[in-house]
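K.L.:
Next comes entry-v3.pdb, PDB, N, CA, C and O atoms and all ligand atoms:
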ATOM      1  N   MET E   1     -73.839 104.406-159.156
ATOM      2  CA  MET E   1     -73.487 103.791-157.856
ATOM      3  C   MET E   1     -72.139 103.090-157.936
ATOM      4  O   MET E   1     -71.325 103.159-157.025
ATOM      5  N   THR E   2     -71.890 102.430-159.063
ATOM      6  CA  THR E   2     -70.619 101.720-159.228
ATOM      7  C   THR E   2     -69.459 102.705-159.230
ATOM      8  O   THR E   2     -68.402 102.438-158.670
ATOM      9  N   ARG E   3     -69.734 103.874-159.834
ATOM     10  CA  ARG E   3     -68.674 104.883-159.919
ATOM     11  C   ARG E   3     -68.316 105.390-158.511
ATOM     12  O   ARG E   3     -67.160 105.573-158.191
ATOM     13  N   PHE E   4     -69.369 105.558-157.693
ATOM     14  CA  PHE E   4     -69.158 106.010-156.310
ATOM     15  C   PHE E   4     -68.301 105.007-155.547
ATOM     16  O   PHE E   4     -67.376 105.376-154.815
ATOM     17  N   LEU E   5     -68.607 103.733-155.758
ATOM     18  CA  LEU E   5     -67.861 102.664-155.092
ATOM     19  C   LEU E   5     -66.399 102.675-155.526
ATOM     20  O   LEU E   5     -65.478 102.548-154.709
ATOM     21  N   LEU E   6     -66.183 102.879-156.829
ATOM     22  CA  LEU E   6     -64.816 102.906-157.364
ATOM     23  C   LEU E   6     -64.025 104.059-156.759
ATOM     24  O   LEU E   6     -62.855 103.912-156.388
ATOM     25  N   ILE E   7     -64.718 105.232-156.684
ATOM     26  CA  ILE E   7     -64.060 106.409-156.113
ATOM     27  C   ILE E   7     -63.720 106.168-154.644
ATOM     28  O   ILE E   7     -62.632 106.508-154.176
ATOM     29  N   ALA E   8     -64.666 105.543-153.927
ATOM     30  CA  ALA E   8     -64.443 105.246-152.509
ATOM     31  C   ALA E   8     -63.241 104.330-152.341
ATOM     32  O   ALA E   8     -62.368 104.562-151.480
ATOM     33  N   ILE E   9     -63.157 103.287-153.170
ATOM     34  CA  ILE E   9     -62.030 102.349-153.092
ATOM     35  C   ILE E   9     -60.719 103.064-153.423
ATOM     36  O   ILE E   9     -59.704 102.900-152.755
ATOM     37  N   LEU E  10     -60.791 103.925-154.444
ATOM     38  CA  LEU E  10     -59.613 104.682-154.862
ATOM     39  C   LEU E  10     -59.118 105.571-153.721
ATOM     40  O   LEU E  10     -57.926 105.626-153.422
ATOM     41  N   LEU E  11     -60.099 106.266-153.070
ATOM     42  CA  LEU E  11     -59.753 107.148-151.951
ATOM     43  C   LEU E  11     -59.124 106.355-150.799
ATOM     44  O   LEU E  11     -58.162 106.793-150.189
ATOM     45  N   LEU E  12     -59.692 105.179-150.548
ATOM     46  CA  LEU E  12     -59.164 104.328-149.488
ATOM     47  C   LEU E  12     -57.725 103.927-149.779
ATOM     48  O   LEU E  12     -56.862 103.962-148.902
ATOM     49  N   MET E  13     -57.485 103.586-151.065
ATOM     50  CA  MET E  13     -56.144 103.170-151.458
ATOM     51  C   MET E  13     -55.155 104.330-151.311
ATOM     52  O   MET E  13     -54.023 104.152-150.867
ATOM     53  N   ILE E  14     -55.625 105.535-151.691
ATOM     54  CA  ILE E  14     -54.768 106.717-151.580
ATOM     55  C   ILE E  14     -54.453 106.995-150.105
ATOM     56  O   ILE E  14     -53.313 107.254-149.735
ATOM     57  N   ALA E  15     -55.508 106.917-149.277
ATOM     58  CA  ALA E  15     -55.334 107.162-147.844
ATOM     59  C   ALA E  15     -54.364 106.145-147.243
ATOM     60  O   ALA E  15     -53.468 106.494-146.473
ATOM     61  N   TRP E  16     -54.510 104.885-147.677
ATOM     62  CA  TRP E  16     -53.646 103.822-147.157
ATOM     63  C   TRP E  16     -52.188 104.080-147.547
ATOM     64  O   TRP E  16     -51.282 103.991-146.721
ATOM     65  N   ALA E  17     -52.005 104.435-148.829
ATOM     66  CA  ALA E  17     -50.654 104.726-149.309
ATOM     67  C   ALA E  17     -50.076 105.933-148.580
ATOM     68  O   ALA E  17     -48.907 105.940-148.182
ATOM     69  N   PHE E  18     -50.923 106.945-148.380
ATOM     70  CA  PHE E  18     -50.493 108.161-147.697
ATOM     71  C   PHE E  18     -50.021 107.845-146.275
ATOM     72  O   PHE E  18     -48.951 108.267-145.845
ATOM     73  N   TRP E  19     -50.814 107.031-145.565
ATOM     74  CA  TRP E  19     -50.444 106.696-144.198
ATOM     75  C   TRP E  19     -49.204 105.832-144.125
ATOM     76  O   TRP E  19     -48.434 105.925-143.186
ATOM     77  N   LYS E  20     -49.019 105.018-145.145
ATOM     78  CA  LYS E  20     -47.806 104.194-145.183
ATOM     79  C   LYS E  20     -46.579 105.092-145.296
ATOM     80  O   LYS E  20     -45.569 104.882-144.649
ATOM     81  N   VAL E  21     -46.706 106.117-146.158
ATOM     82  CA  VAL E  21     -45.604 107.063-146.356
ATOM     83  C   VAL E  21     -45.352 107.846-145.072
ATOM     84  O   VAL E  21     -44.225 107.981-144.607
ATOM     85  N   VAL E  22     -46.460 108.356-144.478
ATOM     86  CA  VAL E  22     -46.343 109.141-143.233
ATOM     87  C   VAL E  22     -45.702 108.294-142.129
ATOM     88  O   VAL E  22     -44.817 108.751-141.417
ATOM     89  N   ASP E  23     -46.150 107.046-142.059
ATOM     90  CA  ASP E  23     -45.595 106.123-141.071
ATOM     91  C   ASP E  23     -44.087 105.965-141.246
ATOM     92  O   ASP E  23     -43.328 106.006-140.283
ATOM     93  N   GLY E  24     -43.683 105.788-142.496
ATOM     94  CA  GLY E  24     -42.272 105.628-142.791
ATOM     95  C   GLY E  24     -41.477 106.855-142.409
ATOM     96  O   GLY E  24     -40.388 106.762-141.845
ATOM     97  N   VAL E  25     -42.043 108.040-142.709
ATOM     98  CA  VAL E  25     -41.362 109.300-142.393
ATOM     99  C   VAL E  25     -41.219 109.453-140.884
ATOM    100  O   VAL E  25     -40.146 109.775-140.375
ATOM    101  N   ILE E  26     -42.322 109.166-140.162
ATOM    102  CA  ILE E  26     -42.294 109.275-138.699
ATOM    103  C   ILE E  26     -41.241 108.322-138.122
ATOM    104  O   ILE E  26     -40.454 108.688-137.261
ATOM    105  N   GLU E  27     -41.200 107.105-138.673
ATOM    106  CA  GLU E  27     -40.239 106.122-138.205
ATOM    107  C   GLU E  27     -38.807 106.594-138.456
ATOM    108  O   GLU E  27     -37.938 106.470-137.609
ATOM    109  N   ALA E  28     -38.604 107.168-139.651
ATOM    110  CA  ALA E  28     -37.268 107.661-139.995
ATOM    111  C   ALA E  28     -36.852 108.778-139.058
ATOM    112  O   ALA E  28     -35.729 108.805-138.561
ATOM    113  N   PHE E  29     -37.781 109.710-138.820
ATOM    114  CA  PHE E  29     -37.467 110.838-137.940
ATOM    115  C   PHE E  29     -37.284 110.370-136.505
ATOM    116  O   PHE E  29     -36.408 110.821-135.794
ATOM    117  N   GLY E  30     -38.138 109.441-136.093
ATOM    118  CA  GLY E  30     -38.040 108.905-134.740
ATOM    119  C   GLY E  30     -36.714 108.211-134.536
ATOM    120  O   GLY E  30     -36.073 108.391-133.509
ATOM    121  N   GLY E  31     -36.299 107.439-135.547
ATOM    122  CA  GLY E  31     -35.016 106.756-135.455
ATOM    123  C   GLY E  31     -33.880 107.743-135.346
ATOM    124  O   GLY E  31     -32.960 107.559-134.559
ATOM    125  N   LEU E  32     -33.967 108.833-136.126
ATOM    126  CA  LEU E  32     -32.924 109.861-136.107
ATOM    127  C   LEU E  32     -32.837 110.520-134.747
ATOM    128  O   LEU E  32     -31.762 110.631-134.175
ATOM    129  N   SER E  33     -34.008 110.962-134.227
ATOM    130  CA  SER E  33     -34.006 111.676-132.956
ATOM    131  C   SER E  33     -33.598 110.747-131.829
ATOM    132  O   SER E  33     -32.973 111.167-130.870
ATOM    133  N   ASN E  34     -33.940 109.470-131.966
ATOM    134  CA  ASN E  34     -33.569 108.512-130.933
ATOM    135  C   ASN E  34     -32.059 108.350-130.856
ATOM    136  O   ASN E  34     -31.480 108.400-129.790
ATOM    137  N   SER E  35     -31.429 108.178-132.039
ATOM    138  CA  SER E  35     -29.998 107.961-132.044
ATOM    139  C   SER E  35     -29.265 109.221-131.604
ATOM    140  O   SER E  35     -28.181 109.161-131.048
ATOM    141  N   ARG E  36     -29.888 110.402-131.881
ATOM    142  CA  ARG E  36     -29.254 111.647-131.482
ATOM    143  C   ARG E  36     -29.392 111.843-129.971
ATOM    144  O   ARG E  36     -28.520 112.377-129.321
ATOM    145  N   GLY E  37     -30.566 111.404-129.432
ATOM    146  CA  GLY E  37     -30.818 111.599-128.012
ATOM    147  C   GLY E  37     -30.067 110.609-127.141
ATOM    148  O   GLY E  37     -29.894 110.849-125.961
ATOM    149  N   ARG E  38     -29.639 109.517-127.751
ATOM    150  CA  ARG E  38     -28.941 108.507-126.975
ATOM    151  C   ARG E  38     -27.517 108.968-126.703
ATOM    152  O   ARG E  38     -26.617 108.776-127.512
ATOM    153  N   SER E  39     -27.322 109.617-125.593
ATOM    154  CA  SER E  39     -26.003 110.154-125.279
ATOM    155  C   SER E  39     -25.121 109.040-124.729
ATOM    156  O   SER E  39     -25.616 108.095-124.137
ATOM    157  N   PRO E  40     -23.842 109.154-124.923
ATOM    158  CA  PRO E  40     -22.946 108.149-124.359
ATOM    159  C   PRO E  40     -23.029 108.154-122.840
ATOM    160  O   PRO E  40     -23.342 109.173-122.227
ATOM    161  N   VAL E  41     -22.747 107.011-122.261
ATOM    162  CA  VAL E  41     -22.876 106.873-120.803
ATOM    163  C   VAL E  41     -21.908 107.828-120.113
ATOM    164  O   VAL E  41     -20.709 107.808-120.354
ATOM    165  N   LYS E  42     -22.477 108.665-119.276
ATOM    166  CA  LYS E  42     -21.674 109.640-118.544
ATOM    167  C   LYS E  42     -21.239 109.003-117.236
ATOM    168  O   LYS E  42     -22.060 108.480-116.492
ATOM    169  N   LEU E  43     -19.964 109.051-116.987
ATOM    170  CA  LEU E  43     -19.456 108.447-115.765
ATOM    171  C   LEU E  43     -19.258 109.506-114.692
ATOM    172  O   LEU E  43     -18.902 110.640-114.974
ATOM    173  N   VAL E  44     -19.528 109.098-113.480
ATOM    174  CA  VAL E  44     -19.310 109.997-112.348
ATOM    175  C   VAL E  44     -18.315 109.335-111.404
ATOM    176  O   VAL E  44     -18.185 108.116-111.374
ATOM    177  N   ARG E  45     -17.634 110.166-110.644
ATOM    178  CA  ARG E  45     -16.599 109.628-109.782
ATOM    179  C   ARG E  45     -17.109 109.387-108.364
ATOM    180  O   ARG E  45     -17.780 110.236-107.786
ATOM    181  N   ASP E  46     -16.767 108.223-107.877
ATOM    182  CA  ASP E  46     -17.056 107.873-106.493
ATOM    183  C   ASP E  46     -16.181 108.781-105.625
ATOM    184  O   ASP E  46     -14.954 108.726-105.705
ATOM    185  N   PRO E  47     -16.783 109.653-104.811
ATOM    186  CA  PRO E  47     -15.989 110.607-104.029
ATOM    187  C   PRO E  47     -15.153 109.965-102.938
ATOM    188  O   PRO E  47     -14.270 110.594-102.377
ATOM    189  N   VAL E  48     -15.411 108.712-102.623
ATOM    190  CA  VAL E  48     -14.682 108.045-101.541
ATOM    191  C   VAL E  48     -13.408 107.381-102.061
ATOM    192  O   VAL E  48     -12.307 107.677-101.615
ATOM    193  N   CYS E  49     -13.557 106.493-103.049
ATOM    194  CA  CYS E  49     -12.380 105.754-103.514
ATOM    195  C   CYS E  49     -11.893 106.219-104.892
ATOM    196  O   CYS E  49     -10.841 105.814-105.335
ATOM    197  N   GLY E  50     -12.658 107.082-105.562
ATOM    198  CA  GLY E  50     -12.222 107.627-106.844
ATOM    199  C   GLY E  50     -12.524 106.761-108.048
ATOM    200  O   GLY E  50     -12.064 107.044-109.149
ATOM    201  N   THR E  51     -13.295 105.719-107.884
ATOM    202  CA  THR E  51     -13.666 104.844-108.993
ATOM    203  C   THR E  51     -14.716 105.527-109.858
ATOM    204  O   THR E  51     -15.611 106.197-109.334
ATOM    205  N   TRP E  52     -14.587 105.381-111.187
ATOM    206  CA  TRP E  52     -15.585 105.946-112.091
ATOM    207  C   TRP E  52     -16.746 104.977-112.209
ATOM    208  O   TRP E  52     -16.541 103.804-112.515
ATOM    209  N   VAL E  53     -17.931 105.459-111.944
ATOM    210  CA  VAL E  53     -19.118 104.616-111.999
ATOM    211  C   VAL E  53     -20.173 105.268-112.877
ATOM    212  O   VAL E  53     -20.185 106.489-113.047
ATOM    213  N   SER E  54     -21.062 104.434-113.450
ATOM    214  CA  SER E  54     -22.167 104.988-114.232
ATOM    215  C   SER E  54     -23.372 105.145-113.312
ATOM    216  O   SER E  54     -23.738 104.212-112.598
ATOM    217  N   PRO E  55     -23.967 106.353-113.294
ATOM    218  CA  PRO E  55     -25.071 106.641-112.370
ATOM    219  C   PRO E  55     -26.213 105.638-112.435
ATOM    220  O   PRO E  55     -26.867 105.389-111.428
ATOM    221  N   GLY E  56     -26.449 105.059-113.612
ATOM    222  CA  GLY E  56     -27.555 104.130-113.751
ATOM    223  C   GLY E  56     -27.366 102.845-112.991
ATOM    224  O   GLY E  56     -28.327 102.199-112.592
ATOM    225  N   GLU E  57     -26.122 102.445-112.807
ATOM    226  CA  GLU E  57     -25.859 101.141-112.207
ATOM    227  C   GLU E  57     -25.284 101.232-110.807
ATOM    228  O   GLU E  57     -25.066 100.225-110.153
ATOM    229  N   SER E  58     -24.999 102.446-110.357
ATOM    230  CA  SER E  58     -24.358 102.561-109.059
ATOM    231  C   SER E  58     -25.317 103.062-107.993
ATOM    232  O   SER E  58     -26.451 103.437-108.272
ATOM    233  N   LEU E  59     -24.839 103.110-106.795
ATOM    234  CA  LEU E  59     -25.644 103.554-105.658
ATOM    235  C   LEU E  59     -25.558 105.068-105.546
ATOM    236  O   LEU E  59     -24.476 105.643-105.550
ATOM    237  N   GLY E  60     -26.700 105.691-105.451
ATOM    238  CA  GLY E  60     -26.721 107.139-105.357
ATOM    239  C   GLY E  60     -27.074 107.626-103.967
ATOM    240  O   GLY E  60     -27.749 106.936-103.217
ATOM    241  N   LEU E  61     -26.571 108.805-103.667
ATOM    242  CA  LEU E  61     -26.905 109.418-102.387
ATOM    243  C   LEU E  61     -27.103 110.908-102.638
ATOM    244  O   LEU E  61     -26.187 111.587-103.099
ATOM    245  N   ARG E  62     -28.297 111.378-102.380
ATOM    246  CA  ARG E  62     -28.590 112.786-102.609
ATOM    247  C   ARG E  62     -28.037 113.635-101.469
ATOM    248  O   ARG E  62     -28.259 113.332-100.304
ATOM    249  N   ALA E  63     -27.312 114.673-101.840
ATOM    250  CA  ALA E  63     -26.788 115.608-100.854
ATOM    251  C   ALA E  63     -27.106 117.001-101.360
ATOM    252  O   ALA E  63     -26.401 117.545-102.202
ATOM    253  N   GLY E  64     -28.201 117.529-100.888
ATOM    254  CA  GLY E  64     -28.635 118.852-101.341
ATOM    255  C   GLY E  64     -29.086 118.793-102.797
ATOM    256  O   GLY E  64     -29.959 117.998-103.133
ATOM    257  N   ASP E  65     -28.447 119.604-103.646
ATOM    258  CA  ASP E  65     -28.821 119.655-105.056
ATOM    259  C   ASP E  65     -28.114 118.596-105.884
ATOM    260  O   ASP E  65     -28.524 118.292-106.992
ATOM    261  N   THR E  66     -27.032 118.063-105.360
ATOM    262  CA  THR E  66     -26.256 117.099-106.135
ATOM    263  C   THR E  66     -26.445 115.688-105.611
ATOM    264  O   THR E  66     -26.745 115.479-104.438
ATOM    265  N   THR E  67     -26.281 114.739-106.508
ATOM    266  CA  THR E  67     -26.360 113.341-106.127
ATOM    267  C   THR E  67     -24.975 112.734-106.316
ATOM    268  O   THR E  67     -24.371 112.882-107.362
ATOM    269  N   HIS E  68     -24.493 112.102-105.306
ATOM    270  CA  HIS E  68     -23.194 111.439-105.386
ATOM    271  C   HIS E  68     -23.441 109.969-105.663
ATOM    272  O   HIS E  68     -24.413 109.398-105.181
ATOM    273  N   TYR E  69     -22.524 109.375-106.430
ATOM    274  CA  TYR E  69     -22.673 107.962-106.770
ATOM    275  C   TYR E  69     -21.472 107.182-106.270
ATOM    276  O   TYR E  69     -20.342 107.662-106.318
ATOM    277  N   PHE E  70     -21.757 105.990-105.806
ATOM    278  CA  PHE E  70     -20.713 105.181-105.204
ATOM    279  C   PHE E  70     -20.638 103.799-105.828
ATOM    280  O   PHE E  70     -21.638 103.266-106.297
ATOM    281  N   CYS E  71     -19.432 103.218-105.791
ATOM    282  CA  CYS E  71     -19.222 101.905-106.395
ATOM    283  C   CYS E  71     -19.832 100.818-105.531
ATOM    284  O   CYS E  71     -20.218  99.775-106.020
ATOM    285  N   SER E  72     -19.909 101.062-104.240
ATOM    286  CA  SER E  72     -20.439 100.036-103.347
ATOM    287  C   SER E  72     -21.126 100.670-102.149
ATOM    288  O   SER E  72     -20.991 101.871-101.897
ATOM    289  N   ASP E  73     -21.814  99.844-101.442
ATOM    290  CA  ASP E  73     -22.521 100.285-100.246
ATOM    291  C   ASP E  73     -21.528 100.757 -99.181
ATOM    292  O   ASP E  73     -21.800 101.676 -98.418
ATOM    293  N   THR E  74     -20.340 100.110 -99.164
ATOM    294  CA  THR E  74     -19.307 100.469 -98.191
ATOM    295  C   THR E  74     -18.875 101.922 -98.390
ATOM    296  O   THR E  74     -18.765 102.684 -97.428
ATOM    297  N   CYS E  75     -18.666 102.302 -99.661
ATOM    298  CA  CYS E  75     -18.243 103.662 -99.971
ATOM    299  C   CYS E  75     -19.343 104.655 -99.604
ATOM    300  O   CYS E  75     -19.073 105.731 -99.084
ATOM    301  N   ARG E  76     -20.553 104.274 -99.886
ATOM    302  CA  ARG E  76     -21.674 105.173 -99.595
ATOM    303  C   ARG E  76     -21.787 105.386 -98.075
ATOM    304  O   ARG E  76     -22.004 106.506 -97.614
ATOM    305  N   ALA E  77     -21.617 104.313 -97.318
ATOM    306  CA  ALA E  77     -21.692 104.399 -95.861
ATOM    307  C   ALA E  77     -20.561 105.278 -95.327
ATOM    308  O   ALA E  77     -20.774 106.109 -94.444
ATOM    309  N   LYS E  78     -19.351 105.116 -95.918
ATOM    310  CA  LYS E  78     -18.196 105.911 -95.499
ATOM    311  C   LYS E  78     -18.465 107.386 -95.749
ATOM    312  O   LYS E  78     -18.176 108.236 -94.923
ATOM    313  N   PHE E  79     -19.027 107.669 -96.947
ATOM    314  CA  PHE E  79     -19.304 109.057 -97.313
ATOM    315  C   PHE E  79     -20.344 109.665 -96.380
ATOM    316  O   PHE E  79     -20.176 110.777 -95.887
ATOM    317  N   ALA E  80     -21.385 108.919 -96.085
ATOM    318  CA  ALA E  80     -22.449 109.393 -95.206
ATOM    319  C   ALA E  80     -21.916 109.641 -93.804
ATOM    320  O   ALA E  80     -22.296 110.607 -93.144
ATOM    321  N   LYS E  81     -21.014 108.781 -93.370
ATOM    322  CA  LYS E  81     -20.411 108.888 -92.047
ATOM    323  C   LYS E  81     -19.533 110.142 -91.970
ATOM    324  O   LYS E  81     -19.562 110.879 -90.990
ATOM    325  N   GLY E  82     -18.751 110.339 -93.034
ATOM    326  CA  GLY E  82     -17.839 111.479 -93.060
ATOM    327  C   GLY E  82     -18.552 112.821 -93.091
ATOM    328  O   GLY E  82     -18.011 113.821 -92.666
ATOM    329  N   ARG E  83     -19.751 112.826 -93.652
ATOM    330  CA  ARG E  83     -20.497 114.068 -93.771
ATOM    331  C   ARG E  83     -21.167 114.495 -92.470
ATOM    332  O   ARG E  83     -21.300 115.664 -92.179
ATOM    333  N   SER E  84     -21.553 113.527 -91.671
ATOM    334  CA  SER E  84     -22.308 113.858 -90.463
ATOM    335  C   SER E  84     -21.394 114.153 -89.283
ATOM    336  O   SER E  84     -20.235 113.784 -89.283
TER     337      SER E  84
HETATM  338 ZN    ZN J 101     -15.951 103.313-104.034
END
Taking this structure as input, can you express it in the form of structure tokens?
Ligand SMILES: [Zn+2]
P.N.:
Amino acid sequence: MTRFLLIAILLLMIAWAFWKVVDGVIEAFGGLSNSRGRSPVKLVRDPVCGTWVSPGESLGLRAGDTTHYFCSDTCRAKFAKGRS
């Protein structure tokens, strides 16, 4: 019975060590893919005044398949007005 217990503890320790290694590998790969997937901020041009804006922080207006981005609400209103 003692031998069974020792083997069980040994197996647990091996499993624990194995998962620690797997965890580390996953973290390493995740870190790699994350840094690779993090693309530099792509700037788009405001079609009204020509200012370069980042889509994440600017005002967007969908026009068909494309989305236009504007530096301000004024530009967006001008663009919408000009289109109609
Ligand atoms: Zn603008």
K.L.:
Using only C-alpha atoms and all ligand atoms, find each residue in chain E having at least one atom no more than 8 Å away from ligand ZN 101 (chain J); report its shortest atom-to-atom pair and that distance in Å (one decimal), rows by chain then rising number, as JSON lines.
P.N.:
{"residue": "E:Asp46", "atom": "CA", "partner": "J:ZN101", "partner_atom": "ZN", "distance": 5.3}
{"residue": "E:Pro47", "atom": "CA", "partner": "J:ZN101", "partner_atom": "ZN", "distance": 7.3}
{"residue": "E:Val48", "atom": "CA", "partner": "J:ZN101", "partner_atom": "ZN", "distance": 5.5}
{"residue": "E:Cys49", "atom": "CA", "partner": "J:ZN101", "partner_atom": "ZN", "distance": 4.4}
{"residue": "E:Gly50", "atom": "CA", "partner": "J:ZN101", "partner_atom": "ZN", "distance": 6.4}
{"residue": "E:Thr51", "atom": "CA", "partner": "J:ZN101", "partner_atom": "ZN", "distance": 5.7}
{"residue": "E:Phe70", "atom": "CA", "partner": "J:ZN101", "partner_atom": "ZN", "distance": 5.2}
{"residue": "E:Cys71", "atom": "CA", "partner": "J:ZN101", "partner_atom": "ZN", "distance": 4.3}
{"residue": "E:Ser72", "atom": "CA", "partner": "J:ZN101", "partner_atom": "ZN", "distance": 5.6}
{"residue": "E:Thr74", "atom": "CA", "partner": "J:ZN101", "partner_atom": "ZN", "distance": 7.3}
{"residue": "E:Cys75", "atom": "CA", "partner": "J:ZN101", "partner_atom": "ZN", "distance": 4.7}
{"residue": "E:Arg76", "atom": "CA", "partner": "J:ZN101", "partner_atom": "ZN", "distance": 7.5}
K.L.:
Using DSSP secondary structure from the backbone, list all strand (DSSP E or B) positions within chain E, as a ChimeraX atom specification.
P.N.:
/E:44-45,52-53,59-63,66-70
K.L.:
E:Val21, E:Val44, E:Ile26, E:Ile7: which is nearest E:His68, counting only N, CA, C and O atoms?
P.N.:
E:Val44
K.L.:
Per DSSP on the backbone, filter chain E down to the residues in helix (DSSP H, G or I) and report them as a ChimeraX atom specification.
P.N.:
/E:2-37,73-83
K.L.:
Specify as a ChimeraX atom specification each residue included when the PyMOL selection byres (((chain E and resi 55) around 8) and not hetatm) is applied to this file.
P.N.:
/E:41-45,52-54,56-60,68-70
K.L.:
Give the answer as one residue: which of E:Ala17, E:Ala28, E:Leu61, E:Ile9 has the shortest atom-to-atom distance to E:Asp73, using only C-alpha atoms?
P.N.:
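Going through E:Ala17, E:Ala28, E:Leu61, E:Ile9 one by one, the smallest distance to E:Asp73 is for E:Leu61.
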K.L.:
Using atom C of E:Arg62 and atom N of E:Lys78 as the two end points, give the distance in Å to one decimal.
P.N.:
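Interatomic distance, atom C of E:Arg62 to atom N of E:Lys78: 13.4 Å.
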K.L.:
How big is the axis-aligned box around all listed atoms of stretch 44-58 of chain E once 4 Å goes on each side, and where's its centre, in Å to one decimal, as AutoDock Vina command-line options?
P.N.:
--center_x -19.6 --center_y 105.4 --center_z -107.9 --size_x 25.5 --size_y 18.4 --size_z 20.7
K.L.:
Take atom CA of E:Thr67 and atom C of E:Ala80 and report the distance between them in Å, one decimal.
P.N.:
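These two atoms are separated by 13.6 Å.
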K.L.:
Write out all heavy atoms for stretch 43-49 of chain E, as a short mmCIF file (atom, residue, chain, number, x, y, z; two decimals), in the coordinates of the input.
P.N.:
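Below is the file that was written, result21.cif:
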data_model
loop_
_atom_site.label_atom_id
_atom_site.label_comp_id
_atom_site.auth_asym_id
_atom_site.auth_seq_id
_atom_site.Cartn_x
_atom_site.Cartn_y
_atom_site.Cartn_z
N LEU E 43 -19.96 109.05 -116.99
CA LEU E 43 -19.46 108.45 -115.76
C LEU E 43 -19.26 109.51 -114.69
O LEU E 43 -18.90 110.64 -114.97
CB LEU E 43 -18.13 107.74 -116.05
CG LEU E 43 -18.21 106.47 -116.91
CD1 LEU E 43 -16.82 105.97 -117.22
CD2 LEU E 43 -19.03 105.39 -116.25
N VAL E 44 -19.53 109.10 -113.48
CA VAL E 44 -19.31 110.00 -112.35
C VAL E 44 -18.32 109.34 -111.40
O VAL E 44 -18.18 108.12 -111.37
CB VAL E 44 -20.62 110.32 -111.59
CG1 VAL E 44 -21.48 111.28 -112.39
CG2 VAL E 44 -21.39 109.08 -111.24
N ARG E 45 -17.63 110.17 -110.64
CA ARG E 45 -16.60 109.63 -109.78
C ARG E 45 -17.11 109.39 -108.36
O ARG E 45 -17.78 110.24 -107.79
CB ARG E 45 -15.43 110.61 -109.75
CG ARG E 45 -14.14 109.92 -109.39
CD ARG E 45 -12.97 110.78 -109.74
NE ARG E 45 -11.73 110.02 -109.54
CZ ARG E 45 -10.53 110.51 -109.77
NH1 ARG E 45 -10.41 111.72 -110.25
NH2 ARG E 45 -9.47 109.78 -109.56
N ASP E 46 -16.77 108.22 -107.88
CA ASP E 46 -17.06 107.87 -106.49
C ASP E 46 -16.18 108.78 -105.62
O ASP E 46 -14.95 108.73 -105.70
CB ASP E 46 -16.68 106.38 -106.32
CG ASP E 46 -16.90 105.87 -104.90
OD1 ASP E 46 -16.80 106.67 -103.96
OD2 ASP E 46 -17.15 104.67 -104.77
N PRO E 47 -16.78 109.65 -104.81
CA PRO E 47 -15.99 110.61 -104.03
C PRO E 47 -15.15 109.96 -102.94
O PRO E 47 -14.27 110.59 -102.38
CB PRO E 47 -17.04 111.56 -103.44
CG PRO E 47 -18.31 110.82 -103.48
CD PRO E 47 -18.23 109.83 -104.60
N VAL E 48 -15.41 108.71 -102.62
CA VAL E 48 -14.68 108.04 -101.54
C VAL E 48 -13.41 107.38 -102.06
O VAL E 48 -12.31 107.68 -101.62
CB VAL E 48 -15.58 107.03 -100.80
CG1 VAL E 48 -14.79 106.28 -99.75
CG2 VAL E 48 -16.77 107.76 -100.17
N CYS E 49 -13.56 106.49 -103.05
CA CYS E 49 -12.38 105.75 -103.51
C CYS E 49 -11.89 106.22 -104.89
O CYS E 49 -10.84 105.81 -105.34
CB CYS E 49 -12.66 104.26 -103.54
SG CYS E 49 -13.91 103.80 -104.75
#
